[in-house]
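K.L.:
Can you read through this structure? Questions will come right after.
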Amino acid sequence: MELDVLCEDPRWAGVDLEALTQRAADAALAYLGMDGQLAMFSVLGCDDARISVLNGEFRGKPSPTNVLSWPSEDLAAAQDGGAPQAPVLDYSGYFDLGDIAISFDTCTREAEAAGKPFADHVCHLIVHGLLHLLGYDHIRDLDATLMEHNETVILGKLGLDDPYRS
């Protein structure tokens with residue numbers, strides 16, 4: 001896997017965002033039947049101020065959010081609930097999947113509110129963001145059902161609780 005992790009907020013240093021991302025990505029890609037060694041993507045560990053700017057620029061919502069994703073290509077299924085298209089290898093021999101940004105502040109608040117370990121919530125959000133890079137989404141109902149199912153199974157393989165059940 002070609003993974004580029006940049007932590008703009010120094011609080012991420014105490015978390016080892018790179019190791020959590022690697023763990024989450026390995027599980028997600030294996031579950032989806034992809035060769036993780038051929039995957040390439042980047043992760044930005046930031047704070048609420050930075051993710052608010054990004055959210056405003058790219059989604060027109062200038063407020064903090066937990067995770068944002070920018071897929072390298074649109075792999076979304078044409079039909080609601082259908083499987084996304086498979087990524088193709090680029091000129092370098094990798095699946096260039098795109099970029100993810102994750103906010104330390106929002107992630108911390110959400111983990112505390114849910115009573116779950118911070119690292120577990122980070123893994124969930126990385127899986128969620130990576131699924132977005134791979135063409136999964138939760139706007140249409142059947143797409144949301146498929147994405148939620150995949151997240152739940154992948155997190156279960158990591159020994160983490162289903163985030164959609166109380």
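By order of appearance in the structure tokens: chains A, B, ..., then residues from 1 within every chain, and ligands from 1 in the order shown.
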May I have a table of the residues of region 3-30 of chain A lying at most 9 Å from region 144-161 of chain A, giving each one's closest pair of atoms and their distance in Å to one decimal, counting only C-alpha atoms, ordered by chain and ascending residue number, as a Markdown table?
P.N.:
| residue | atom | partner | partner_atom | distance |
| --- | --- | --- | --- | --- |
| A:Arg23 | CA | A:Leu158 | CA | 8.2 |
| A:Ala24 | CA | A:Leu158 | CA | 7.7 |
| A:Ala27 | CA | A:Ile154 | CA | 6.2 |
| A:Ala28 | CA | A:Ile154 | CA | 5.7 |
K.L.:
DSSP says strand (DSSP E or B) for which residues of chain A? Put them as a ChimeraX atom specification?
P.N.:
/A:2-7,39-46,67-71,95-103
K.L.:
Within 10 Å of Gly93 (chain A), counting only C-alpha atoms, which residues qualify if same-chain residues fewer than 4 places away don't, as a list in words?
P.N.:
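Those residues are Leu38, Ala39, Met40, Val88 and Leu89 of chain A.
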K.L.:
Which one of A:Trp12, A:Phe58, A:Phe41, A:Trp70 sits closest to Phe95 (chain A) if you count only C-alpha atoms?
P.N.:
A:Phe41
K.L.:
So that I can check the surroundings of region 77-80 of chain A, please list as a list in words every protein, DNA and RNA residue that reaches within 10 Å of it, counting only C-alpha atoms and ignoring chain neighbours fewer than 6 positions away.
P.N.:
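Everything that qualifies: Ala86, Gly135, Tyr136, Asp137, His138, Ile139, Arg140, Asp141, Leu142, Asp143, Ala144, Thr145 and Leu146 of chain A.
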K.L.:
List the spatial neighbours of Leu44 (chain A) as a list in words - criterion: any atom at most 9 Å away, only C-alpha atoms, same-chain residues fewer than 6 positions off excluded.
P.N.:
Asp4, Val5, Leu6, Cys7, Glu8, Asp99, Ile100, Ala101, Ile102 and Ser103 of chain A
K.L.:
Could you tell me how far CA of Asp47 (chain A) sits from CA of Asp9 (chain A), in Å to one decimal place?
P.N.:
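Atom-to-atom, CA of Asp9 (chain A) to CA of Asp47 (chain A), that is 6.1 Å.
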K.L.:
For region 16-21 of chain A, list every protein, DNA or RNA residue within 8 Å, evaluated using only C-alpha atoms, and leave out those in the same chain fewer than 4 positions away; present the list as a PDB file with N, CA and C atoms, in the first residue's frame.
P.N.:
ATOM      1  N   VAL A   5       0.426   9.986   4.871  1.00  0.00           N
ATOM      2  CA  VAL A   5      -0.306  10.565   5.995  1.00  0.00           C
ATOM      3  C   VAL A   5       0.394  11.851   6.418  1.00  0.00           C
ATOM      4  N   TRP A  12      -2.463  14.610  16.661  1.00  0.00           N
ATOM      5  CA  TRP A  12      -2.494  13.314  15.976  1.00  0.00           C
ATOM      6  C   TRP A  12      -1.228  12.505  16.244  1.00  0.00           C
ATOM      7  N   ALA A  25      -7.503   0.295   6.545  1.00  0.00           N
ATOM      8  CA  ALA A  25      -7.445   0.094   5.090  1.00  0.00           C
ATOM      9  C   ALA A  25      -7.184  -1.363   4.739  1.00  0.00           C
ATOM     10  N   GLY A  45      -4.586  14.509   8.696  1.00  0.00           N
ATOM     11  CA  GLY A  45      -5.069  14.630  10.067  1.00  0.00           C
ATOM     12  C   GLY A  45      -5.070  16.109  10.427  1.00  0.00           C
ATOM     13  N   ALA A 119      -9.438   5.644  19.227  1.00  0.00           N
ATOM     14  CA  ALA A 119      -8.805   4.885  18.133  1.00  0.00           C
ATOM     15  C   ALA A 119      -9.826   4.067  17.353  1.00  0.00           C
ATOM     16  N   VAL A 122     -11.664   6.469  15.077  1.00  0.00           N
ATOM     17  CA  VAL A 122     -10.789   6.835  13.952  1.00  0.00           C
ATOM     18  C   VAL A 122     -10.802   5.721  12.909  1.00  0.00           C
ATOM     19  N   CYS A 123     -10.660   4.475  13.343  1.00  0.00           N
ATOM     20  CA  CYS A 123     -10.704   3.347  12.394  1.00  0.00           C
ATOM     21  C   CYS A 123     -12.017   3.338  11.629  1.00  0.00           C
ATOM     22  N   ILE A 126     -11.975   6.136   9.036  1.00  0.00           N
ATOM     23  CA  ILE A 126     -11.077   5.834   7.916  1.00  0.00           C
ATOM     24  C   ILE A 126     -11.740   4.810   6.995  1.00  0.00           C
TER      25      ILE A 126
END
K.L.:
Report the residues of region 83-122 of chain A whose backbone DSSP state falls under helix (DSSP H, G or I), written as number ranges by chain.
P.N.:
A: 104-114, 118-122
K.L.:
Next, dump the selected residues to file, keeping only C-alpha atoms, as a PDB file, in the first residue's frame.
P.N.:
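File written: part_13.pdb
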ATOM      1  CA  PHE A 104      -9.212  15.447  15.581  1.00  0.00           C
ATOM      2  CA  ASP A 105     -11.713  17.701  17.355  1.00  0.00           C
ATOM      3  CA  THR A 106     -14.894  16.264  15.841  1.00  0.00           C
ATOM      4  CA  CYS A 107     -13.572  12.734  16.140  1.00  0.00           C
ATOM      5  CA  THR A 108     -12.839  13.298  19.831  1.00  0.00           C
ATOM      6  CA  ARG A 109     -16.307  14.745  20.536  1.00  0.00           C
ATOM      7  CA  GLU A 110     -18.065  11.913  18.703  1.00  0.00           C
ATOM      8  CA  ALA A 111     -16.024   9.191  20.404  1.00  0.00           C
ATOM      9  CA  GLU A 112     -16.701  10.684  23.837  1.00  0.00           C
ATOM     10  CA  ALA A 113     -20.421  11.089  23.109  1.00  0.00           C
ATOM     11  CA  ALA A 114     -20.650   7.460  21.967  1.00  0.00           C
ATOM     12  CA  PHE A 118     -10.933   7.324  20.175  1.00  0.00           C
ATOM     13  CA  ALA A 119      -8.805   4.885  18.133  1.00  0.00           C
ATOM     14  CA  ASP A 120     -11.867   2.749  17.364  1.00  0.00           C
ATOM     15  CA  HIS A 121     -13.760   5.788  16.091  1.00  0.00           C
ATOM     16  CA  VAL A 122     -10.789   6.835  13.952  1.00  0.00           C
TER      17      VAL A 122
END
K.L.:
Quote the spacing between CA of His132 (chain A) and CA of Ser69 (chain A) in Å to one decimal place.
P.N.:
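Taking CA of His132 (chain A) as the start and CA of Ser69 (chain A) as the end point, the length is 6.4 Å.
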K.L.:
Go through A:Cys46, A:Leu54, A:Leu68, A:Leu133 and flag the residue nearest Arg11 (chain A), using only C-alpha atoms for the distances.
P.N.:
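Distance minimum relative to Arg11 (chain A) lands on A:Cys46.
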K.L.:
So which residues touch Pro62 (chain A) within 10 Å, counting only C-alpha atoms, skipping near sequence neighbours fewer than 5 positions away, as an MDAnalysis selection string?
P.N.:
chainID A and resid 49 51:57
